[in-house]
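S.K.: Once you've had a glance at the structure underneath, I'll fire off some questions.
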Amino acid sequence: MAKNQLVTNKLLSPEGLKSLITSLHTTKTGSAEKSPLARRIADEMPPSQLYTTYSPDLQNEIGSCISSITDISDIAGVPLIRDIADAYDDQCVAVDWIKTQLEVVNTFSNVSKRLNTEQLIRVGEQIYGMSKNLNLLEIILFCSRLRTGRYGKWYGAIDAQKILISLESFLADRSRDIAYKREKEY
């Protein structure tokens with residue numbers, strides 16, 4: 001029997017199922033312990049400071065300064081998305097921070113149909129689930145690239161699926177940049 005396989009003779013409630021799904025991350029990594037950076041964030045940085053420090057205004061600057069994602073992928077002290085969730089014991093803070101970044105993309109794009117708040121939250125949840133190992137600057141760069149049309153143009157509407165497909169392209173770019181940097185170093 002697989003080590004993560006659930007053995008039960010009763011049906012799970014919606015809350016129980018959600019709890020099971022979120023616990024899979026803990027089982028996969030073998031630890032639910034916070035990283036040192038997440039502990040430092042919890043002790044020293046209230047969410048309001050997080051929102052100010054990693055403001056959507058950075059989207060205006062970061063795109064023109066970064067030639068490779070590796071320029072920002074391993075900067076010490078820049079938290080990963082999962083560090084934010086761990087620091088505040090709540091993935092909602094991380095999702096809300098992502099939503100705040102996406103709101104700028106949503107309003108920046110000159111389209112007639114934008115995502116509403118609920119849709120932005122859902123896209124934020126998906127991005128959180130797909131990219132917990134990205135740091136906050138990488139998410140800001142991703143949003144900057146969405147604004148510039150790097151992963152395609154918006155035709156009349158902001159599309160949640162297109163944002164998520166664009167994230168897949170961004171992650172592929174990131175993997176290529178990291179592989180190139182490693183190859184160059186050796």
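Identifiers in this document derive from the order of the structure tokens: chains are assigned A, B, ..., residues are numbered from 1 separately in each chain, and ligands are numbered from 1 in order of occurrence.
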Write out as JSON, numbers by chain the residues lying within 8 Å of stretch 104-112 of chain A, counting only C-alpha atoms and excluding same-chain residues fewer than 5 positions away.
M.R.: {"A": [56, 143, 144, 146, 147, 154, 155, 156, 157, 158]}
S.K.: Only C-alpha atoms, please: the residues just picked out, written as an mmCIF file, in the first residue's frame.
M.R.:
```cif
data_model
loop_
_atom_site.group_PDB
_atom_site.id
_atom_site.type_symbol
_atom_site.label_atom_id
_atom_site.label_comp_id
_atom_site.auth_asym_id
_atom_site.auth_seq_id
_atom_site.Cartn_x
_atom_site.Cartn_y
_atom_site.Cartn_z
ATOM 1 C CA PRO A 56 2.906 45.858 -7.092
ATOM 2 C CA CYS A 143 3.097 39.850 -13.476
ATOM 3 C CA SER A 144 5.330 42.416 -15.166
ATOM 4 C CA LEU A 146 1.987 39.534 -18.272
ATOM 5 C CA ARG A 147 1.552 43.299 -18.524
ATOM 6 C CA TRP A 154 -5.378 39.956 -24.131
ATOM 7 C CA TYR A 155 -8.125 40.248 -26.712
ATOM 8 C CA GLY A 156 -11.120 41.914 -25.090
ATOM 9 C CA ALA A 157 -10.915 40.070 -21.760
ATOM 10 C CA ILE A 158 -8.498 38.996 -19.074
#
```
S.K.: Sorted by chain and rising residue number, list the residues of stretch 41-74 of chain A at most 10 Å from stretch 90-100 of chain A (counting only C-alpha atoms), each with its closest atom pair and distance in Å to one decimal, as CSV.
M.R.:
```
residue,atom,partner,partner_atom,distance
A:Pro47,CA,A:Val93,CA,7.5
A:Leu50,CA,A:Trp97,CA,8.5
A:Tyr51,CA,A:Trp97,CA,6.9
A:Tyr54,CA,A:Trp97,CA,8.9
A:Ser55,CA,A:Thr100,CA,8.5
A:Pro56,CA,A:Thr100,CA,7.2
```
S.K.: The selected residues should be written to file as a CSV table (one decimal), in the first residue's frame (atoms: all heavy atoms).
M.R.:
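New file part.csv:
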```csv
chain,number,residue,atom,x,y,z
A,47,PRO,N,2.0,41.5,8.0
A,47,PRO,CA,1.5,41.5,6.6
A,47,PRO,C,1.5,42.9,5.9
A,47,PRO,O,1.9,43.0,4.7
A,47,PRO,CB,0.1,40.9,6.6
A,47,PRO,CG,0.2,40.0,7.9
A,47,PRO,CD,1.0,40.8,8.8
A,50,LEU,N,4.8,43.5,4.5
A,50,LEU,CA,5.1,42.6,3.4
A,50,LEU,C,4.5,43.2,2.1
A,50,LEU,O,5.1,43.3,1.1
A,50,LEU,CB,4.4,41.2,3.6
A,50,LEU,CG,4.3,40.3,2.4
A,50,LEU,CD1,5.7,39.7,2.2
A,50,LEU,CD2,3.2,39.3,2.6
A,51,TYR,N,3.2,43.7,2.2
A,51,TYR,CA,2.6,44.4,1.1
A,51,TYR,C,3.3,45.6,0.6
A,51,TYR,O,3.3,46.0,-0.5
A,51,TYR,CB,1.1,44.7,1.4
A,51,TYR,CG,0.2,43.5,1.4
A,51,TYR,CD1,0.2,42.6,2.5
A,51,TYR,CD2,-0.6,43.2,0.3
A,51,TYR,CE1,-0.7,41.5,2.5
A,51,TYR,CE2,-1.4,42.1,0.3
A,51,TYR,CZ,-1.4,41.2,1.4
A,51,TYR,OH,-2.2,40.1,1.4
A,54,TYR,N,7.0,44.4,-0.8
A,54,TYR,CA,6.9,43.7,-2.1
A,54,TYR,C,5.6,44.2,-2.8
A,54,TYR,O,4.7,43.5,-3.2
A,54,TYR,CB,6.8,42.2,-1.9
A,54,TYR,CG,8.1,41.7,-1.3
A,54,TYR,CD1,8.3,41.5,0.0
A,54,TYR,CD2,9.2,41.5,-2.2
A,54,TYR,CE1,9.5,41.1,0.6
A,54,TYR,CE2,10.5,41.1,-1.7
A,54,TYR,CZ,10.6,40.9,-0.3
A,54,TYR,OH,11.8,40.4,0.2
A,55,SER,N,5.6,45.5,-3.0
A,55,SER,CA,4.4,46.2,-3.6
A,55,SER,C,4.3,45.9,-5.1
A,55,SER,O,5.3,45.7,-5.8
A,55,SER,CB,4.7,47.7,-3.4
A,55,SER,OG,4.0,48.5,-4.3
A,56,PRO,N,3.1,46.0,-5.6
A,56,PRO,CA,2.9,45.9,-7.1
A,56,PRO,C,3.6,46.9,-7.9
A,56,PRO,O,3.9,46.8,-9.1
A,56,PRO,CB,1.4,46.0,-7.3
A,56,PRO,CG,0.8,45.6,-6.0
A,56,PRO,CD,1.8,46.0,-4.9
```
S.K.: For each of A:Tyr151, A:Tyr180, A:Phe142, A:Tyr186, take the minimum atom-to-atom distance to A:Ile66, counting only C-alpha atoms, then give the residue where this is smallest.
M.R.: A:Phe142
S.K.: Taking the chain letters and numbering used in this document, name the residues of stretch 59-170 of chain A that DSSP puts in strand (DSSP E or B), as a PDB file with C-alpha atoms, in the first residue's frame.
M.R.:
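Resulting contents of result10.pdb:
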```
ATOM      1  CA  LEU A  80       9.229  32.076  -1.239  1.00  0.00           C
ATOM      2  CA  LYS A 113     -13.888  42.389 -19.474  1.00  0.00           C
ATOM      3  CA  ASN A 135      10.051  33.818  -4.536  1.00  0.00           C
ATOM      4  CA  ALA A 157     -10.915  40.070 -21.760  1.00  0.00           C
TER       5      ALA A 157
END
```
S.K.: Hey, which of A:Thr52, A:Arg122, A:Ile69, A:Asp74 ends up closest to A:Leu171? Count only C-alpha atoms.
M.R.: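 The answer is A:Ile69, which sits nearest to A:Leu171.
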S.K.: I need the residues of stretch 2-186 of chain A that end up classed as helix (DSSP H, G or I) by DSSP on the backbone, written out as a ChimeraX atom specification.
M.R.: /A:14-29,36-44,47-53,58-65,70-73,81-87,91-108,117-130,136-148,160-185
S.K.: Could you jot down the atom CA of A:Ile121 to atom CA of A:Phe170 separation for me, Å, one decimal place?
M.R.: 20.0 Å
S.K.: Between atom CA of A:Leu102 and atom CA of A:Leu58, what is the spacing in Å?
M.R.: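 So the answer is 12.6 Å.
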S.K.: Could you tell me how far atom CA of A:Thr70 sits from atom CA of A:Ser48, in Å to one decimal place?
M.R.: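 Between these atoms lies a distance of 27.6 Å.
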S.K.: Would you list the contacts of A:Pro79 as a list in words, taking every protein, DNA or RNA residue within 9 Å and counting only C-alpha atoms, but skipping same-chain residues closer than 6 positions in sequence?
M.R.: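 Once the nearby chain positions are removed, what remains is Leu37, Ala38, Ile41, Leu134, Asn135, Leu136 and Leu137 of chain A.
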S.K.: Between A:Thr148, A:Arg114, A:Ser131, A:Asp86, which residue has the minimum interatomic distance to A:Ser35, considering only C-alpha atoms?
M.R.: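 Going through A:Thr148, A:Arg114, A:Ser131, A:Asp86 one by one, the smallest distance to A:Ser35 is for A:Asp86.
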S.K.: Skipping near chain neighbours, those fewer than 5 positions away, what residues fall within 12 Å of A:Leu167 using only C-alpha atoms, listed as a ChimeraX atom specification?
M.R.: /A:123-124,126-131,134,138-146,150-152,160-162,172-174
S.K.: For the selection just defined, write its residues with N, CA and C atoms to a file, as a CSV table (one decimal), in the first residue's frame.
M.R.:
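Below you can see again-v7.csv, which holds the result:
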```csv
chain,number,residue,atom,x,y,z
A,123,VAL,N,-7.7,32.5,-9.1
A,123,VAL,CA,-6.4,32.5,-9.8
A,123,VAL,C,-5.2,32.5,-8.9
A,124,GLY,N,-5.3,33.4,-7.9
A,124,GLY,CA,-4.3,33.4,-6.8
A,124,GLY,C,-4.1,32.1,-6.1
A,126,GLN,N,-4.7,29.1,-7.4
A,126,GLN,CA,-4.1,28.2,-8.4
A,126,GLN,C,-2.6,28.6,-8.5
A,127,ILE,N,-2.2,29.8,-8.6
A,127,ILE,CA,-0.8,30.2,-8.7
A,127,ILE,C,-0.1,29.8,-7.4
A,128,TYR,N,-0.7,29.9,-6.3
A,128,TYR,CA,-0.1,29.5,-5.0
A,128,TYR,C,0.2,28.0,-5.1
A,129,GLY,N,-0.8,27.2,-5.6
A,129,GLY,CA,-0.6,25.8,-5.6
A,129,GLY,C,0.4,25.3,-6.7
A,130,MET,N,0.6,26.1,-7.7
A,130,MET,CA,1.5,25.8,-8.8
A,130,MET,C,2.9,26.3,-8.6
A,131,SER,N,3.1,27.3,-7.7
A,131,SER,CA,4.4,27.9,-7.6
A,131,SER,C,4.8,28.3,-6.2
A,134,LEU,N,8.4,29.6,-5.9
A,134,LEU,CA,8.9,30.8,-6.5
A,134,LEU,C,9.0,31.9,-5.4
A,138,GLU,N,10.0,36.8,-8.2
A,138,GLU,CA,9.7,36.0,-9.4
A,138,GLU,C,8.2,36.2,-9.7
A,139,ILE,N,7.3,36.2,-8.8
A,139,ILE,CA,5.9,36.5,-9.0
A,139,ILE,C,5.7,37.9,-9.6
A,140,ILE,N,6.4,38.8,-9.0
A,140,ILE,CA,6.3,40.2,-9.5
A,140,ILE,C,6.8,40.3,-10.9
A,141,LEU,N,7.9,39.6,-11.2
A,141,LEU,CA,8.4,39.6,-12.6
A,141,LEU,C,7.4,38.9,-13.5
A,142,PHE,N,6.8,37.8,-13.1
A,142,PHE,CA,5.8,37.2,-13.9
A,142,PHE,C,4.7,38.1,-14.2
A,143,CYS,N,4.2,38.9,-13.2
A,143,CYS,CA,3.1,39.9,-13.5
A,143,CYS,C,3.6,41.0,-14.4
A,144,SER,N,4.8,41.4,-14.3
A,144,SER,CA,5.3,42.4,-15.2
A,144,SER,C,5.3,41.9,-16.6
A,145,ARG,N,5.7,40.7,-16.8
A,145,ARG,CA,5.8,40.1,-18.1
A,145,ARG,C,4.3,39.9,-18.7
A,146,LEU,N,3.4,39.6,-17.8
A,146,LEU,CA,2.0,39.5,-18.3
A,146,LEU,C,1.6,40.9,-18.8
A,150,ARG,N,4.4,39.5,-22.9
A,150,ARG,CA,5.4,38.5,-23.2
A,150,ARG,C,4.8,37.1,-23.5
A,151,TYR,N,3.8,36.8,-22.8
A,151,TYR,CA,3.2,35.5,-22.9
A,151,TYR,C,1.9,35.5,-23.7
A,152,GLY,N,1.7,36.5,-24.5
A,152,GLY,CA,0.5,36.7,-25.3
A,152,GLY,C,-0.3,37.9,-24.9
A,160,ALA,N,-8.5,33.9,-17.0
A,160,ALA,CA,-7.9,33.2,-15.9
A,160,ALA,C,-7.0,32.0,-16.4
A,161,GLN,N,-7.5,31.3,-17.4
A,161,GLN,CA,-6.8,30.1,-17.9
A,161,GLN,C,-5.5,30.6,-18.6
A,162,LYS,N,-5.6,31.8,-19.3
A,162,LYS,CA,-4.5,32.3,-20.0
A,162,LYS,C,-3.4,32.7,-19.0
A,172,ALA,N,8.7,27.4,-17.4
A,172,ALA,CA,9.6,26.8,-18.4
A,172,ALA,C,10.8,27.7,-18.6
A,173,ASP,N,10.5,29.0,-18.8
A,173,ASP,CA,11.6,30.0,-18.9
A,173,ASP,C,12.5,29.9,-17.8
A,174,ARG,N,12.0,29.9,-16.6
A,174,ARG,CA,12.8,29.8,-15.3
A,174,ARG,C,13.7,28.6,-15.4
```
